[in-house]
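Following: one structure in structure tokens, then a few remarks.
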Amino acid sequence: MSQGEHSGDFRDSRAGRPPRRRGGRAPAATRSGQRPRERSRTADPARLLAYEVLRAVAESDSYANLVLPPLMHRRGVYGRDAAFTTELTYGTLRLHGRYDPIIAIAADRDIRKLDDDLLDVLRLGCHQLLAMRVPSHAAVSETVALARTVLGAGRAQLVNAVLRRVSERGLDDWLTELADRSTGEDERLARLHSHPQWIVRSLRQALDGTGEELVEALEANNSPAEVTLVIRPGLTTKTDLPETTRGRYAPTARVLRGGDPGALSVVREGLVGVQDEGSQLVTLALATTPIEGPDRTWLDLCAGPGGKAALLASWLGARTGGPAPSDPADHPHGQDHRPRTRRLVANELFHHRADLVRASLRAIPDSIDVEVRTGDGRMVGEYEPQTYDRVLVDAPCTGLGALRRRPEARWRRSTADLASLAGVQRELVISAIEATRIGGVVGYVTCSPHVAETTFVIADVIKRAAKLGMPVEVVDAAAALAQVALTPLPDQQGPYVQLWPHRHGTDAMFLAILRRV
């Protein structure tokens, strides 16, 4: 997700009318009464930019959080216009599962018969009409102008007709109709909360709770995530971030209340990173789990893009051999002048992601031996048996726990991905166990709450490791998390940790810790 993302409460800076009502018929005063010659003939730059990002996401499998910020910078879109563009882009990506059936009703046709570029324009119009404080006349006329620019005059007429029909009703009325037209509970929730049905079912299984909490989880995925910074221990202090507030749980977390984190010098220098608080928590829990014997050689088996590796390396460097500091951000690295013999290996399969890891580690001092490798993590255990004291396996997964940040991911993934990822996840953990010395620990982390990627993987790995002569025991990850968290997490009963956006305000991170015995 773009770090400039905001919530959807924006007026169009070119139209100062009051917001439309959420339910019932739109007031007549907000309907378009413009004559054709008075309507916009050229696309508004903010809407055109949002459209271009949507097309890049659809045509090249790009991620909006990687495409939008540099594009806004090149076009000189800042301030209020940047906020408007960001919400329009991300909101449309998140909620088009809600808008598509509305468009189908308003257009009186199967949306599969609509061209993809036309559908994206209609989705942008729907988001302005139903989720942003843009007056109806402005939402329709400006989107029609966009259609003339990118689709041509002929299809722009269809856009005008469809959006006029959408604007005749408020969001509540549309949601009621979508619910009435649904054939089952999963379809109803999928439409109202804009998720594929298989994700609705998977979240229900993972929560194993009430339907009310399922709705909370779905809605949380449709809300922008806070921009959370990580103070890398020993490299800087919280006093270098006066424009931030303390995180809720992680001692290293600071919440940026506004602005671009890339504009901060400490971020540009690598002293501070942008990292979800849940990601910080699970990393710190592994880093502080008690082990006997040497504790100097650590491995991040799947290190890209490097946030967890940088936190591990800085934590490893900031330790003085005694208990971990209660607030490591208050202990600059320079306070410990003793020579260090600590080492972190960061392994990554892809070269371009290995470059990102190196960039994340650029501020780690020379007193820590840091090595970035490119290779298949499934082979590390064979090549380096019983070498490491701690190993982190941040395994490739569906990413269902980070839908707030990557809204397009929900539409790209399918149940087929679970099958293809399952084998890789298990092989990576087995390799990590083989690479860990007896008495050392392995942390298995996924940014997904799907049980096929969490508890099922660990159950299979435990059995497989025993058959291979590498028995492991489960360490209480919830207890380890409690030792580093600033605020208790009473819902974490162990032995595993499962965080949730709607409960904790973090990504839905899963953590299991295994000790080789």
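The way I read the labels, and the way they are meant: chains A, B, ... in the order of the structure tokens, residue 1 as the first residue of every chain, and ligand 1 as the first ligand shown, with later ones counted on from there.
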Listing only residues of stretch 408-501 of chain A within 7 Å of stretch 187-210 of chain A, what is the closest atom pair and its distance in Å (to one decimal) for each, using only C-alpha atoms, sorted by chain and residue number ascending, as JSON lines?
```
{"residue": "A:Arg410", "atom": "CA", "partner": "A:His195", "partner_atom": "CA", "distance": 6.8}
{"residue": "A:Pro449", "atom": "CA", "partner": "A:Ala206", "partner_atom": "CA", "distance": 6.3}
{"residue": "A:His450", "atom": "CA", "partner": "A:Ser202", "partner_atom": "CA", "distance": 5.9}
{"residue": "A:Val451", "atom": "CA", "partner": "A:Ala206", "partner_atom": "CA", "distance": 6.1}
```
Would you return as a PyMOL selection string the members of stretch 117-317 of chain A that DSSP assigns to strand (DSSP E) on this structure's backbone? chain A and resi 227-231+244-246+253-256+272-274+297-300
Would you save the residues from that selection as a short mmCIF file (atom, residue, chain, number, x, y, z; two decimals), in the first residue's frame, using N, CA and C atoms?
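Contents of out-v1.cif, as written:
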```
data_model
loop_
_atom_site.label_atom_id
_atom_site.label_comp_id
_atom_site.auth_asym_id
_atom_site.auth_seq_id
_atom_site.Cartn_x
_atom_site.Cartn_y
_atom_site.Cartn_z
N VAL A 227 0.38 3.84 8.72
CA VAL A 227 1.78 3.79 8.32
C VAL A 227 2.61 3.61 9.59
N THR A 228 3.20 2.44 9.75
CA THR A 228 3.97 2.13 10.95
C THR A 228 5.45 2.05 10.62
N LEU A 229 6.24 2.74 11.39
CA LEU A 229 7.69 2.72 11.22
C LEU A 229 8.31 1.79 12.25
N VAL A 230 9.48 1.27 11.92
CA VAL A 230 10.24 0.44 12.85
C VAL A 230 11.55 1.15 13.16
N ILE A 231 11.78 1.37 14.45
CA ILE A 231 13.07 1.91 14.89
C ILE A 231 14.03 0.73 15.02
N THR A 244 5.84 11.25 15.30
CA THR A 244 5.21 9.95 15.40
C THR A 244 4.70 9.70 16.83
N THR A 245 3.87 8.68 16.96
CA THR A 245 3.41 8.24 18.27
C THR A 245 3.78 6.79 18.48
N ARG A 246 3.78 6.36 19.72
CA ARG A 246 4.19 5.00 20.05
C ARG A 246 3.22 3.98 19.47
N ALA A 253 7.98 0.05 17.43
CA ALA A 253 7.01 0.61 16.48
C ALA A 253 6.69 2.07 16.79
N ARG A 254 6.61 2.88 15.73
CA ARG A 254 6.16 4.26 15.81
C ARG A 254 5.16 4.48 14.67
N VAL A 255 4.06 5.12 14.97
CA VAL A 255 3.01 5.35 13.99
C VAL A 255 3.15 6.75 13.42
N LEU A 256 3.26 6.82 12.10
CA LEU A 256 3.36 8.11 11.40
C LEU A 256 1.95 8.60 11.11
N VAL A 272 15.65 3.76 10.05
CA VAL A 272 14.25 3.46 10.35
C VAL A 272 13.64 2.88 9.09
N GLY A 273 12.73 1.93 9.25
CA GLY A 273 12.06 1.33 8.10
C GLY A 273 10.55 1.48 8.21
N VAL A 274 9.88 1.14 7.15
CA VAL A 274 8.42 1.08 7.14
C VAL A 274 8.05 -0.39 7.27
N THR A 297 24.66 -16.77 15.58
CA THR A 297 24.55 -16.95 14.14
C THR A 297 23.09 -17.16 13.76
N TRP A 298 22.55 -16.21 13.04
CA TRP A 298 21.13 -16.21 12.69
C TRP A 298 20.95 -16.28 11.17
N LEU A 299 19.82 -16.78 10.77
CA LEU A 299 19.51 -16.92 9.34
C LEU A 299 18.08 -16.45 9.07
N ASP A 300 17.94 -15.59 8.09
CA ASP A 300 16.63 -15.25 7.53
C ASP A 300 16.55 -15.98 6.19
#
```
Figure out the distance between atom CA of A:Gly293 and atom CA of A:Asp389, please, to one decimal in Å. 8.7 Å
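Comparing A:Val215, A:Ala43, A:Val266, A:Leu119 by their smallest distance to A:Val144, the closest is A:Ala43 (using only C-alpha atoms).
If only C-alpha atoms are the atoms counted, then among A:Glu52, A:Asp240, A:Glu382, A:Asp81 the closest residue to A:Leu124 is A:Glu52.
Between A:Ala50 and the residues A:Leu146, A:Met132, A:Leu400, A:Leu312, the shortest atom-to-atom distance, using only C-alpha atoms, involves A:Leu146.
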Can you tell me, as a list in words, what residues are no more than 12 Å from A:Gln157 when counting only C-alpha atoms, ignoring any on the same chain fewer than 4 positions away? Pro36, Ala107, Leu118, Leu122, Val140, Ser141, Thr143, Val144, Ala145, Leu146, Ala147, Arg148, Leu151, Gly152, Ala153, Ala161, Val162, Leu163 and Arg164 of chain A
Residues from the last selection, N, CA and C atoms, saved as a compact mmCIF listing (two decimals), in the first residue's frame:
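See selection.txt below for the written result:
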```txt
# COMPACT_ATOMS: atom_id res chain seq x y z
N PRO A 36 -24.58 19.35 -22.60
CA PRO A 36 -23.38 18.69 -23.13
C PRO A 36 -22.21 19.63 -23.33
N ALA A 107 -26.36 -1.36 -15.65
CA ALA A 107 -26.16 -1.50 -17.09
C ALA A 107 -27.10 -2.52 -17.72
N LEU A 118 -13.32 -0.28 -19.98
CA LEU A 118 -14.61 0.34 -19.69
C LEU A 118 -15.05 0.04 -18.26
N LEU A 122 -15.98 2.63 -15.07
CA LEU A 122 -17.23 2.55 -14.32
C LEU A 122 -16.99 2.32 -12.83
N VAL A 140 -20.20 12.08 -11.91
CA VAL A 140 -20.63 11.60 -13.22
C VAL A 140 -19.93 12.36 -14.34
N SER A 141 -19.96 13.69 -14.28
CA SER A 141 -19.41 14.46 -15.39
C SER A 141 -17.91 14.27 -15.53
N THR A 143 -16.14 11.65 -14.58
CA THR A 143 -15.85 10.28 -15.04
C THR A 143 -16.20 10.12 -16.51
N VAL A 144 -17.26 10.79 -16.95
CA VAL A 144 -17.58 10.77 -18.38
C VAL A 144 -16.47 11.46 -19.17
N ALA A 145 -15.93 12.54 -18.64
CA ALA A 145 -14.80 13.20 -19.31
C ALA A 145 -13.60 12.26 -19.40
N LEU A 146 -13.36 11.52 -18.33
CA LEU A 146 -12.30 10.52 -18.37
C LEU A 146 -12.58 9.49 -19.45
N ALA A 147 -13.83 9.04 -19.55
CA ALA A 147 -14.20 8.04 -20.56
C ALA A 147 -13.97 8.58 -21.96
N ARG A 148 -14.31 9.86 -22.20
CA ARG A 148 -14.06 10.43 -23.54
C ARG A 148 -12.58 10.39 -23.88
N LEU A 151 -11.57 6.21 -23.64
CA LEU A 151 -12.41 5.21 -24.31
C LEU A 151 -13.01 5.71 -25.61
N GLY A 152 -13.16 7.03 -25.74
CA GLY A 152 -13.81 7.58 -26.92
C GLY A 152 -15.24 7.99 -26.62
N ALA A 153 -15.79 8.82 -27.51
CA ALA A 153 -17.11 9.42 -27.27
C ALA A 153 -18.22 8.38 -27.21
N ALA A 161 -24.73 6.91 -18.99
CA ALA A 161 -26.03 6.30 -18.71
C ALA A 161 -25.95 5.40 -17.46
N VAL A 162 -24.91 4.61 -17.36
CA VAL A 162 -24.79 3.69 -16.23
C VAL A 162 -24.59 4.46 -14.92
N LEU A 163 -23.71 5.43 -14.93
CA LEU A 163 -23.45 6.17 -13.70
C LEU A 163 -24.63 7.02 -13.28
N ARG A 164 -25.40 7.51 -14.24
CA ARG A 164 -26.62 8.23 -13.88
C ARG A 164 -27.57 7.31 -13.12
```
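Pairwise distance (atom CA of A:Asp366, atom CA of A:Glu348) equals 21.0 Å.
Nearest to A:Ile102 of all the residues A:Arg257, A:Arg55, A:Arg362, A:Arg169 is A:Arg169, based on only C-alpha atoms.
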